[in-house]
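Source file: coords-v7.tsv (TSV, C-alpha atoms)
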chain	number	residue	atom	x	y	z
A	1	THR	CA	0.00	0.00	0.00
A	2	ALA	CA	1.39	3.40	-1.00
A	3	ILE	CA	1.53	5.78	1.93
A	4	LYS	CA	2.20	9.50	2.12
A	5	THR	CA	5.79	10.04	3.22
A	6	GLN	CA	8.61	12.51	2.73
A	7	TYR	CA	10.64	10.18	0.54
A	8	LYS	CA	10.48	6.66	-0.83
A	9	PRO	CA	11.72	3.83	1.39
A	10	TRP	CA	14.50	1.44	0.49
A	11	GLU	CA	13.58	-2.11	-0.45
A	12	HIS	CA	14.45	-3.57	2.97
A	13	GLN	CA	12.34	-0.85	4.62
A	14	ARG	CA	9.34	-1.74	2.45
A	15	GLU	CA	9.74	-5.42	3.33
A	16	ALA	CA	10.08	-4.66	7.05
A	17	LEU	CA	6.98	-2.46	6.95
A	18	ALA	CA	4.95	-5.14	5.19
A	19	PHE	CA	5.97	-7.69	7.82
A	20	SER	CA	5.33	-5.32	10.73
A	21	ASP	CA	1.88	-4.51	9.39
A	22	ILE	CA	0.65	-8.10	9.60
A	23	THR	CA	2.27	-9.14	12.87
A	24	LYS	CA	1.57	-8.24	16.47
A	25	GLY	CA	5.23	-7.83	17.29
A	26	SER	CA	8.36	-7.28	15.24
A	27	ALA	CA	12.07	-6.86	15.86
A	28	LEU	CA	14.05	-4.55	13.59
A	29	LEU	CA	17.55	-5.95	14.06
A	30	LEU	CA	19.23	-3.52	11.68
A	31	ASP	CA	22.60	-1.80	11.72
A	32	THR	CA	23.02	1.90	12.38
A	33	GLY	CA	22.26	3.92	9.26
A	34	THR	CA	19.81	1.46	7.74
A	35	GLY	CA	16.74	3.53	8.61
A	36	LYS	CA	15.03	1.80	11.51
A	37	THR	CA	13.22	4.95	12.59
A	38	LYS	CA	11.80	5.50	9.08
A	39	ILE	CA	10.14	2.08	9.23
A	40	VAL	CA	8.44	3.10	12.47
A	41	PHE	CA	7.34	6.45	11.04
A	42	ASP	CA	6.02	4.79	7.88
A	43	GLN	CA	4.00	2.32	9.93
A	44	ALA	CA	2.63	5.21	11.97
A	45	ALA	CA	1.59	6.90	8.71
A	46	LEU	CA	-0.08	3.67	7.58
A	47	ILE	CA	-2.04	3.39	10.82
A	48	TYR	CA	-3.01	7.06	10.59
A	49	GLU	CA	-4.28	6.72	7.02
A	50	ARG	CA	-6.46	3.81	8.09
A	51	ASN	CA	-7.77	5.15	11.39
A	52	GLY	CA	-7.50	8.93	11.20
A	53	SER	CA	-5.03	9.07	14.09
A	54	CYS	CA	-2.01	7.23	15.47
A	55	VAL	CA	-0.20	7.33	18.81
A	56	VAL	CA	3.31	5.91	19.03
A	57	LEU	CA	4.99	5.45	22.41
A	58	VAL	CA	8.79	5.27	22.10
A	59	ALA	CA	10.85	4.09	25.07
A	60	GLY	CA	14.60	4.26	24.76
A	61	MET	CA	17.68	5.85	26.23
A	62	ILE	CA	17.79	9.53	27.14
A	63	SER	CA	20.62	9.99	24.64
A	64	GLY	CA	18.36	8.84	21.81
A	65	ILE	CA	15.46	11.20	22.44
A	66	ASP	CA	16.88	13.96	20.24
A	67	VAL	CA	17.13	11.49	17.36
A	68	TRP	CA	13.38	10.84	17.34
A	69	ARG	CA	12.51	14.51	17.72
A	70	LYS	CA	14.78	15.52	14.83
A	71	GLN	CA	13.86	12.59	12.57
A	72	ALA	CA	10.08	13.06	12.78
A	73	PRO	CA	9.86	16.09	10.43
A	74	LEU	CA	12.25	14.39	8.00
A	75	HIS	CA	9.95	11.40	7.53
A	76	LEU	CA	6.37	12.31	8.45
A	77	ALA	CA	4.32	14.02	5.75
A	78	HIS	CA	1.12	14.08	7.81
A	79	SER	CA	0.33	16.40	10.69
A	80	PHE	CA	2.26	15.29	13.77
A	81	GLU	CA	3.41	16.31	17.21
A	82	VAL	CA	6.23	15.07	19.45
A	83	ILE	CA	5.82	14.96	23.23
A	84	GLU	CA	8.66	14.19	25.65
A	85	LEU	CA	7.65	12.41	28.87
A	86	HIS	CA	10.72	11.58	30.91
A	87	GLY	CA	12.29	12.74	34.16
A	88	GLN	CA	10.27	15.45	35.87
A	89	LYS	CA	8.13	15.93	32.76
A	90	VAL	CA	6.23	12.72	33.47
A	91	LYS	CA	4.96	14.16	36.74
A	92	GLY	CA	3.61	17.36	35.21
A	93	LYS	CA	-0.17	17.57	34.82
A	94	ARG	CA	0.15	19.67	31.67
A	95	ALA	CA	2.48	17.19	29.95
A	96	ARG	CA	0.34	14.24	30.97
A	97	GLY	CA	-2.81	15.97	29.81
A	98	HIS	CA	-1.19	16.79	26.48
A	99	ALA	CA	-0.20	13.16	25.99
A	100	GLN	CA	-3.75	11.99	26.78
A	101	GLN	CA	-5.53	14.44	24.48
A	102	ASP	CA	-6.96	13.23	21.19
A	103	PHE	CA	-5.01	14.42	18.18
A	104	ALA	CA	-6.13	14.16	14.54
A	105	GLY	CA	-2.67	13.26	13.31
A	106	ILE	CA	0.36	11.26	14.37
A	107	LYS	CA	1.43	11.68	17.98
A	108	ILE	CA	4.92	10.55	19.00
A	109	ILE	CA	5.39	10.24	22.76
A	110	ILE	CA	9.00	9.75	23.82
A	111	THR	CA	10.07	8.39	27.20
A	112	ASN	CA	12.69	6.07	28.68
A	113	VAL	CA	12.37	2.66	30.31
A	114	GLU	CA	13.12	3.97	33.81
A	115	ALA	CA	10.23	6.43	33.58
A	116	MET	CA	8.07	3.57	32.35
A	117	ARG	CA	9.00	1.53	35.40
A	118	ILE	CA	8.18	4.35	37.83
A	119	HIS	CA	4.97	5.42	36.08
A	120	LYS	CA	3.85	2.04	34.78
A	121	ASP	CA	0.12	2.60	35.38
A	122	PHE	CA	0.10	5.92	33.55
A	123	PHE	CA	1.80	4.50	30.46
A	124	ALA	CA	-0.32	1.34	30.57
A	125	ASN	CA	-3.54	3.40	30.53
A	126	LEU	CA	-2.27	5.78	27.86
A	127	LYS	CA	-4.01	5.35	24.51
A	128	LYS	CA	-1.49	4.06	21.96
A	129	ASP	CA	-1.40	2.17	18.68
A	130	MET	CA	2.27	1.19	18.71
A	131	ILE	CA	4.98	0.83	21.34
A	132	VAL	CA	8.63	0.93	20.33
A	133	PHE	CA	11.60	-0.03	22.49
A	134	ASP	CA	14.67	1.62	20.99
A	135	GLU	CA	18.02	-0.05	21.82
A	136	PRO	CA	16.48	-1.73	24.89
A	137	ILE	CA	19.68	-2.78	26.65
A	138	LEU	CA	17.87	-2.86	30.00
A	139	LEU	CA	15.28	-5.34	28.74
A	140	ARG	CA	17.53	-8.32	28.14
A	141	ASN	CA	16.98	-9.59	31.69
A	142	SER	CA	13.35	-10.62	32.00
A	143	LYS	CA	13.57	-10.92	35.81
A	144	THR	CA	14.05	-7.23	36.66
A	145	LYS	CA	11.37	-4.80	37.87
A	146	THR	CA	12.06	-2.55	34.87
A	147	TYR	CA	11.46	-5.43	32.47
A	148	ARG	CA	8.23	-6.50	34.16
A	149	ALA	CA	6.91	-2.94	34.07
A	150	CYS	CA	7.75	-2.51	30.37
A	151	LEU	CA	6.17	-5.86	29.53
A	152	ALA	CA	2.99	-4.85	31.37
A	153	VAL	CA	2.81	-1.65	29.32
A	154	ALA	CA	3.60	-3.50	26.07
A	155	ARG	CA	0.72	-5.90	26.71
A	156	THR	CA	-1.71	-2.97	26.45
A	157	CYS	CA	-0.67	-2.21	22.86
A	158	VAL	CA	-1.60	-3.82	19.53
A	159	HIS	CA	1.73	-3.28	17.76
A	160	ARG	CA	4.98	-3.93	19.66
A	161	LYS	CA	8.42	-3.32	18.25
A	162	ILE	CA	12.07	-3.41	19.29
A	163	LEU	CA	14.86	-1.63	17.42
A	164	THR	CA	18.46	-2.67	17.93
A	165	ALA	CA	21.63	-3.44	16.03
A	166	THR	CA	22.94	-5.61	18.88
A	167	PRO	CA	20.25	-8.02	20.11
A	168	VAL	CA	22.85	-10.19	21.87
A	169	SER	CA	25.44	-8.64	24.17
A	170	ASN	CA	26.04	-11.31	26.82
A	171	SER	CA	24.58	-14.56	25.53
A	172	LEU	CA	21.78	-15.91	23.37
A	173	TYR	CA	19.71	-15.81	26.52
A	174	ASP	CA	19.29	-12.07	25.82
A	175	LEU	CA	16.94	-12.99	22.99
A	176	PHE	CA	14.30	-14.41	25.32
A	177	GLY	CA	13.69	-11.11	27.07
A	178	LEU	CA	13.75	-9.01	23.91
A	179	PHE	CA	11.47	-11.23	21.87
A	180	LYS	CA	9.02	-11.72	24.73
A	181	ILE	CA	8.48	-7.96	24.71
A	182	CYS	CA	7.53	-8.20	21.01
A	183	ASP	CA	5.43	-11.33	21.03
A	184	GLU	CA	5.22	-13.71	23.97
A	185	PHE	CA	4.58	-16.71	21.75
A	186	TRP	CA	7.85	-16.73	19.81
A	187	PHE	CA	9.92	-18.27	22.60
A	188	GLY	CA	7.14	-18.94	25.10
A	189	THR	CA	6.02	-16.96	28.11
A	190	ARG	CA	8.27	-18.67	30.66
A	191	SER	CA	12.06	-18.53	30.84
A	192	ARG	CA	12.11	-22.18	31.94
A	193	THR	CA	10.52	-23.23	28.65
A	194	PHE	CA	13.21	-21.30	26.75
A	195	GLU	CA	15.94	-22.89	28.87
A	196	ASP	CA	14.65	-26.42	28.32
A	197	LYS	CA	14.53	-25.96	24.57
A	198	TYR	CA	17.63	-23.89	23.83
A	199	VAL	CA	20.06	-23.74	26.78
A	200	CYS	CA	22.60	-26.36	27.91
A	201	PHE	CA	23.55	-26.17	31.59
A	202	GLY	CA	26.55	-27.68	33.32
A	203	GLY	CA	29.40	-26.72	35.60
A	204	PHE	CA	28.84	-26.07	39.29
A	205	ARG	CA	25.59	-27.76	40.33
A	206	GLY	CA	24.41	-27.58	36.72
A	207	THR	CA	23.67	-23.86	36.92
A	208	GLN	CA	26.24	-22.52	34.42
A	209	ILE	CA	25.43	-22.03	30.74
A	210	ILE	CA	27.86	-24.18	28.77
A	211	GLY	CA	26.21	-24.08	25.35
A	212	TYR	CA	23.05	-23.93	23.29
A	213	LYS	CA	20.91	-26.35	21.29
A	214	ASN	CA	18.25	-26.27	18.58
A	215	GLN	CA	19.80	-23.18	17.04
Show me, as structure tokens, the structure contained in the file I just sent.
Amino acid sequence: TAIKTQYKPWEHQREALAFSDITKGSALLLDTGTGKTKIVFDQAALIYERNGSCVVLVAGMISGIDVWRKQAPLHLAHSFEVIELHGQKVKGKRARGHAQQDFAGIKIIITNVEAMRIHKDFFANLKKDMIVFDEPILLRNSKTKTYRACLAVARTCVHRKILTATPVSNSLYDLFGLFKICDEFWFGTRSRTFEDKYVCFGGFRGTQIIGYKNQ
């Protein structure tokens, strides 16, 4: 489907958009400079053209917030607004009210995972069509409070997405946490199920990861 955008996407961006459009969750495991943010903006435009509005919640690192704010006008051809909700801004009634207001366009709400942990209920109740976790290095461990909060918020959204060029930093076990955020049925909902199918334990009392299987 042709969508209104500032410039035509590359072939891999078109393919990624087509896949993202028909799936509940998707992982854009693309290198820096390959246009991950454009795929998100194009999907937002697609949702907007179908529904008359679109709200995208982006959770990433504080250092990446400027990227989203600066990239939005380069990609979005429809009416849009960008709202930052992190740090003290999340507590402000005006900022919260702005985020909750209906908007006949594309609304990009930018936060970070720590703010999502602290204000989980607010972000869970926030109307949104897509949630994006940008370079989610803190979401590789599915047993932390931050992870559980982000998963709870993700479960309230139709389209879930992670963007990263480095899905594995410590071990293949990182994939369980990241992919569970996208779609809990790829690797199962329980870490034990993932371990039984893919992880080989040994060493001291059989608790050390010594390899992987079924790769």
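Compared by their closest atoms to A:Ala165, and using only C-alpha atoms, the residues A:Asp31, A:Asp21, A:Asp42, A:Asp134 rank with A:Asp31 nearest.
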task: Find the residues around A:Glu114 up to 9 Å (only C-alpha atoms counted), leave out those fewer than 6 positions away in its own chain, and share them as a ChimeraX atom specification.
output: /A:86-87,146
What's around A:Val82 at 10 Å? Count all atoms listed in the file, leave out sequence neighbours fewer than 4 positions away in its own chain, and write the answer as a PDB file with C-alpha atoms, keeping the file's coordinate frame.
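What follows is the written file selection-v1.pdb:
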ATOM      1  CA  VAL A  56       3.310   5.910  19.030  1.00  0.00           C
ATOM      2  CA  TRP A  68      13.380  10.840  17.340  1.00  0.00           C
ATOM      3  CA  ARG A  69      12.510  14.510  17.720  1.00  0.00           C
ATOM      4  CA  LYS A  70      14.780  15.520  14.830  1.00  0.00           C
ATOM      5  CA  ALA A  72      10.080  13.060  12.780  1.00  0.00           C
ATOM      6  CA  PRO A  73       9.860  16.090  10.430  1.00  0.00           C
ATOM      7  CA  ALA A  99      -0.200  13.160  25.990  1.00  0.00           C
ATOM      8  CA  ILE A 106       0.360  11.260  14.370  1.00  0.00           C
ATOM      9  CA  LYS A 107       1.430  11.680  17.980  1.00  0.00           C
ATOM     10  CA  ILE A 108       4.920  10.550  19.000  1.00  0.00           C
ATOM     11  CA  ILE A 109       5.390  10.240  22.760  1.00  0.00           C
ATOM     12  CA  ILE A 110       9.000   9.750  23.820  1.00  0.00           C
TER      13      ILE A 110
END
- prompt: Quick one: of A:Thr207, A:Thr144, A:Gln88, A:Gln100, who's nearest to A:Arg117, counting only C-alpha atoms?
  reply: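 Closest to A:Arg117, using only C-alpha atoms: A:Thr144.
Taking all atoms listed in the file into account, the protein, DNA and RNA residues within 10 Å of (7.6, 12.5, 29.6) read Ile83, Glu84, Leu85, His86, Gly87, Gln88, Lys89, Val90, Lys91, Gly92, Ala95, Arg96, Ala99, Ile109, Ile110, Thr111, Asn112, Ala115, Met116, His119 and Phe123 of chain A.
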task: Excluding A:Lys36 and any residue of its chain fewer than 3 positions from it, enumerate the residues within 12 Å of it, using all atoms listed in the file, and give them as a PyMOL selection string.
output: chain A and resi 9-10+12-14+16-17+26-33+39-43+67-68+71+75+132-135+161-165
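One distance worth recording is that between atom CA of A:Gly52 and atom CA of A:Gly105, which is 6.8 Å.
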field: Interatomic distance (Å, one decimal) between atom CA of A:Glu81 and atom CA of A:Asp102
entry: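 Taking atom CA of A:Glu81 as the start and atom CA of A:Asp102 as the end point, the length is 11.5 Å.
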message: Let me make sure I understand: among A:Leu76, A:Leu126, A:Val55, A:Ile181, which one has the smallest atom-to-atom distance to A:Arg140 if we use all atoms listed in the file?
response: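 Answer, going by the shortest atom-to-atom distance: A:Ile181.
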task: Name the closest residue to A:Cys200 among the candidates A:Asn51, A:Tyr173, A:Lys128, A:Tyr147; distances are taken between atoms, counting only C-alpha atoms.
output: A:Tyr173
field: Of the listed residues A:Pro136, A:Gly97, A:Gly203, A:Gly177, that which approaches A:Ile62 most closely, counting all atoms listed in the file
entry: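 Going through A:Pro136, A:Gly97, A:Gly203, A:Gly177 one by one, the smallest distance to A:Ile62 is for A:Pro136.
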task: Go ahead and compute the interatomic distance for atom CA of A:Ala149 and atom CA of A:Lys120, in Å to one decimal.
output: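 About the pair atom CA of A:Ala149 and atom CA of A:Lys120: they are 5.9 Å apart.
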Select all residues near (6.2, -12.6, 19.4) (cut-off 12 Å, inclusive, file coordinates), counting all atoms listed in the file, and output them as a tab-separated table (two decimals) with C-alpha atoms, keeping the file's coordinate frame.
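Output file out23.tsv follows:
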chain	number	residue	atom	x	y	z
A	20	SER	CA	5.33	-5.32	10.73
A	23	THR	CA	2.27	-9.14	12.87
A	24	LYS	CA	1.57	-8.24	16.47
A	25	GLY	CA	5.23	-7.83	17.29
A	26	SER	CA	8.36	-7.28	15.24
A	27	ALA	CA	12.07	-6.86	15.86
A	154	ALA	CA	3.60	-3.50	26.07
A	155	ARG	CA	0.72	-5.90	26.71
A	158	VAL	CA	-1.60	-3.82	19.53
A	159	HIS	CA	1.73	-3.28	17.76
A	160	ARG	CA	4.98	-3.93	19.66
A	161	LYS	CA	8.42	-3.32	18.25
A	162	ILE	CA	12.07	-3.41	19.29
A	175	LEU	CA	16.94	-12.99	22.99
A	176	PHE	CA	14.30	-14.41	25.32
A	177	GLY	CA	13.69	-11.11	27.07
A	178	LEU	CA	13.75	-9.01	23.91
A	179	PHE	CA	11.47	-11.23	21.87
A	180	LYS	CA	9.02	-11.72	24.73
A	181	ILE	CA	8.48	-7.96	24.71
A	182	CYS	CA	7.53	-8.20	21.01
A	183	ASP	CA	5.43	-11.33	21.03
A	184	GLU	CA	5.22	-13.71	23.97
A	185	PHE	CA	4.58	-16.71	21.75
A	186	TRP	CA	7.85	-16.73	19.81
A	187	PHE	CA	9.92	-18.27	22.60
A	188	GLY	CA	7.14	-18.94	25.10
A	189	THR	CA	6.02	-16.96	28.11
Please complete stretch 159-180 of chain A with N, CA, C and O atoms and give it back as a PDB file, keeping the file's coordinate frame.
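Everything below was put into part-v9.pdb:
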ATOM      1  N   HIS A 159       0.471  -3.095  18.491  1.00  0.00           N
ATOM      2  CA  HIS A 159       1.730  -3.280  17.760  1.00  0.00           C
ATOM      3  C   HIS A 159       2.916  -3.031  18.700  1.00  0.00           C
ATOM      4  O   HIS A 159       3.051  -1.955  19.270  1.00  0.00           O
ATOM      5  N   ARG A 160       3.773  -4.049  18.832  1.00  0.00           N
ATOM      6  CA  ARG A 160       4.980  -3.930  19.660  1.00  0.00           C
ATOM      7  C   ARG A 160       6.210  -4.062  18.760  1.00  0.00           C
ATOM      8  O   ARG A 160       6.219  -4.847  17.817  1.00  0.00           O
ATOM      9  N   LYS A 161       7.242  -3.304  19.109  1.00  0.00           N
ATOM     10  CA  LYS A 161       8.420  -3.320  18.250  1.00  0.00           C
ATOM     11  C   LYS A 161       9.684  -3.044  19.049  1.00  0.00           C
ATOM     12  O   LYS A 161       9.678  -2.220  19.966  1.00  0.00           O
ATOM     13  N   ILE A 162      10.770  -3.749  18.725  1.00  0.00           N
ATOM     14  CA  ILE A 162      12.070  -3.410  19.290  1.00  0.00           C
ATOM     15  C   ILE A 162      13.008  -3.054  18.140  1.00  0.00           C
ATOM     16  O   ILE A 162      12.924  -3.604  17.046  1.00  0.00           O
ATOM     17  N   LEU A 163      13.883  -2.084  18.413  1.00  0.00           N
ATOM     18  CA  LEU A 163      14.860  -1.630  17.420  1.00  0.00           C
ATOM     19  C   LEU A 163      16.247  -1.760  18.032  1.00  0.00           C
ATOM     20  O   LEU A 163      16.532  -1.151  19.061  1.00  0.00           O
ATOM     21  N   THR A 164      17.095  -2.553  17.433  1.00  0.00           N
ATOM     22  CA  THR A 164      18.460  -2.670  17.930  1.00  0.00           C
ATOM     23  C   THR A 164      19.369  -3.285  16.877  1.00  0.00           C
ATOM     24  O   THR A 164      18.933  -4.113  16.073  1.00  0.00           O
ATOM     25  N   ALA A 165      20.618  -2.856  16.903  1.00  0.00           N
ATOM     26  CA  ALA A 165      21.630  -3.440  16.030  1.00  0.00           C
ATOM     27  C   ALA A 165      22.391  -4.535  16.750  1.00  0.00           C
ATOM     28  O   ALA A 165      23.138  -5.297  16.125  1.00  0.00           O
ATOM     29  N   THR A 166      22.206  -4.623  18.077  1.00  0.00           N
ATOM     30  CA  THR A 166      22.940  -5.610  18.880  1.00  0.00           C
ATOM     31  C   THR A 166      21.977  -6.352  19.798  1.00  0.00           C
ATOM     32  O   THR A 166      21.913  -6.067  21.002  1.00  0.00           O
ATOM     33  N   PRO A 167      21.211  -7.300  19.271  1.00  0.00           N
ATOM     34  CA  PRO A 167      20.250  -8.020  20.110  1.00  0.00           C
ATOM     35  C   PRO A 167      20.910  -8.910  21.165  1.00  0.00           C
ATOM     36  O   PRO A 167      20.305  -9.207  22.193  1.00  0.00           O
ATOM     37  N   VAL A 168      22.142  -9.318  20.919  1.00  0.00           N
ATOM     38  CA  VAL A 168      22.850 -10.190  21.870  1.00  0.00           C
ATOM     39  C   VAL A 168      24.113  -9.476  22.331  1.00  0.00           C
ATOM     40  O   VAL A 168      24.974  -9.132  21.523  1.00  0.00           O
ATOM     41  N   SER A 169      24.235  -9.257  23.633  1.00  0.00           N
ATOM     42  CA  SER A 169      25.440  -8.640  24.170  1.00  0.00           C
ATOM     43  C   SER A 169      26.175  -9.567  25.129  1.00  0.00           C
ATOM     44  O   SER A 169      27.399  -9.550  25.201  1.00  0.00           O
ATOM     45  N   ASN A 170      25.430 -10.386  25.862  1.00  0.00           N
ATOM     46  CA  ASN A 170      26.040 -11.310  26.820  1.00  0.00           C
ATOM     47  C   ASN A 170      25.974 -12.752  26.347  1.00  0.00           C
ATOM     48  O   ASN A 170      26.975 -13.451  26.304  1.00  0.00           O
ATOM     49  N   SER A 171      24.786 -13.189  25.996  1.00  0.00           N
ATOM     50  CA  SER A 171      24.580 -14.560  25.530  1.00  0.00           C
ATOM     51  C   SER A 171      23.285 -14.617  24.750  1.00  0.00           C
ATOM     52  O   SER A 171      22.517 -13.646  24.722  1.00  0.00           O
ATOM     53  N   LEU A 172      23.031 -15.758  24.122  1.00  0.00           N
ATOM     54  CA  LEU A 172      21.780 -15.910  23.370  1.00  0.00           C
ATOM     55  C   LEU A 172      20.561 -15.828  24.272  1.00  0.00           C
ATOM     56  O   LEU A 172      19.439 -15.650  23.792  1.00  0.00           O
ATOM     57  N   TYR A 173      20.799 -15.937  25.566  1.00  0.00           N
ATOM     58  CA  TYR A 173      19.710 -15.810  26.520  1.00  0.00           C
ATOM     59  C   TYR A 173      19.069 -14.421  26.445  1.00  0.00           C
ATOM     60  O   TYR A 173      17.908 -14.228  26.808  1.00  0.00           O
ATOM     61  N   ASP A 174      19.828 -13.434  25.968  1.00  0.00           N
ATOM     62  CA  ASP A 174      19.290 -12.070  25.820  1.00  0.00           C
ATOM     63  C   ASP A 174      18.059 -12.064  24.924  1.00  0.00           C
ATOM     64  O   ASP A 174      17.173 -11.215  25.079  1.00  0.00           O
ATOM     65  N   LEU A 175      18.023 -12.985  23.966  1.00  0.00           N
ATOM     66  CA  LEU A 175      16.940 -12.990  22.990  1.00  0.00           C
ATOM     67  C   LEU A 175      15.580 -13.273  23.626  1.00  0.00           C
ATOM     68  O   LEU A 175      14.554 -12.785  23.154  1.00  0.00           O
ATOM     69  N   PHE A 176      15.576 -14.082  24.692  1.00  0.00           N
ATOM     70  CA  PHE A 176      14.300 -14.410  25.320  1.00  0.00           C
ATOM     71  C   PHE A 176      13.582 -13.162  25.805  1.00  0.00           C
ATOM     72  O   PHE A 176      12.402 -12.943  25.513  1.00  0.00           O
ATOM     73  N   GLY A 177      14.305 -12.321  26.548  1.00  0.00           N
ATOM     74  CA  GLY A 177      13.690 -11.110  27.070  1.00  0.00           C
ATOM     75  C   GLY A 177      13.234 -10.163  25.981  1.00  0.00           C
ATOM     76  O   GLY A 177      12.120  -9.634  26.021  1.00  0.00           O
ATOM     77  N   LEU A 178      14.080  -9.947  24.984  1.00  0.00           N
ATOM     78  CA  LEU A 178      13.750  -9.010  23.910  1.00  0.00           C
ATOM     79  C   LEU A 178      12.549  -9.477  23.099  1.00  0.00           C
ATOM     80  O   LEU A 178      11.635  -8.696  22.806  1.00  0.00           O
ATOM     81  N   PHE A 179      12.546 -10.743  22.731  1.00  0.00           N
ATOM     82  CA  PHE A 179      11.470 -11.230  21.870  1.00  0.00           C
ATOM     83  C   PHE A 179      10.161 -11.411  22.636  1.00  0.00           C
ATOM     84  O   PHE A 179       9.082 -11.325  22.048  1.00  0.00           O
ATOM     85  N   LYS A 180      10.247 -11.635  23.942  1.00  0.00           N
ATOM     86  CA  LYS A 180       9.020 -11.720  24.730  1.00  0.00           C
ATOM     87  C   LYS A 180       8.308 -10.379  24.755  1.00  0.00           C
ATOM     88  O   LYS A 180       7.073 -10.319  24.765  1.00  0.00           O
TER      89      LYS A 180
END
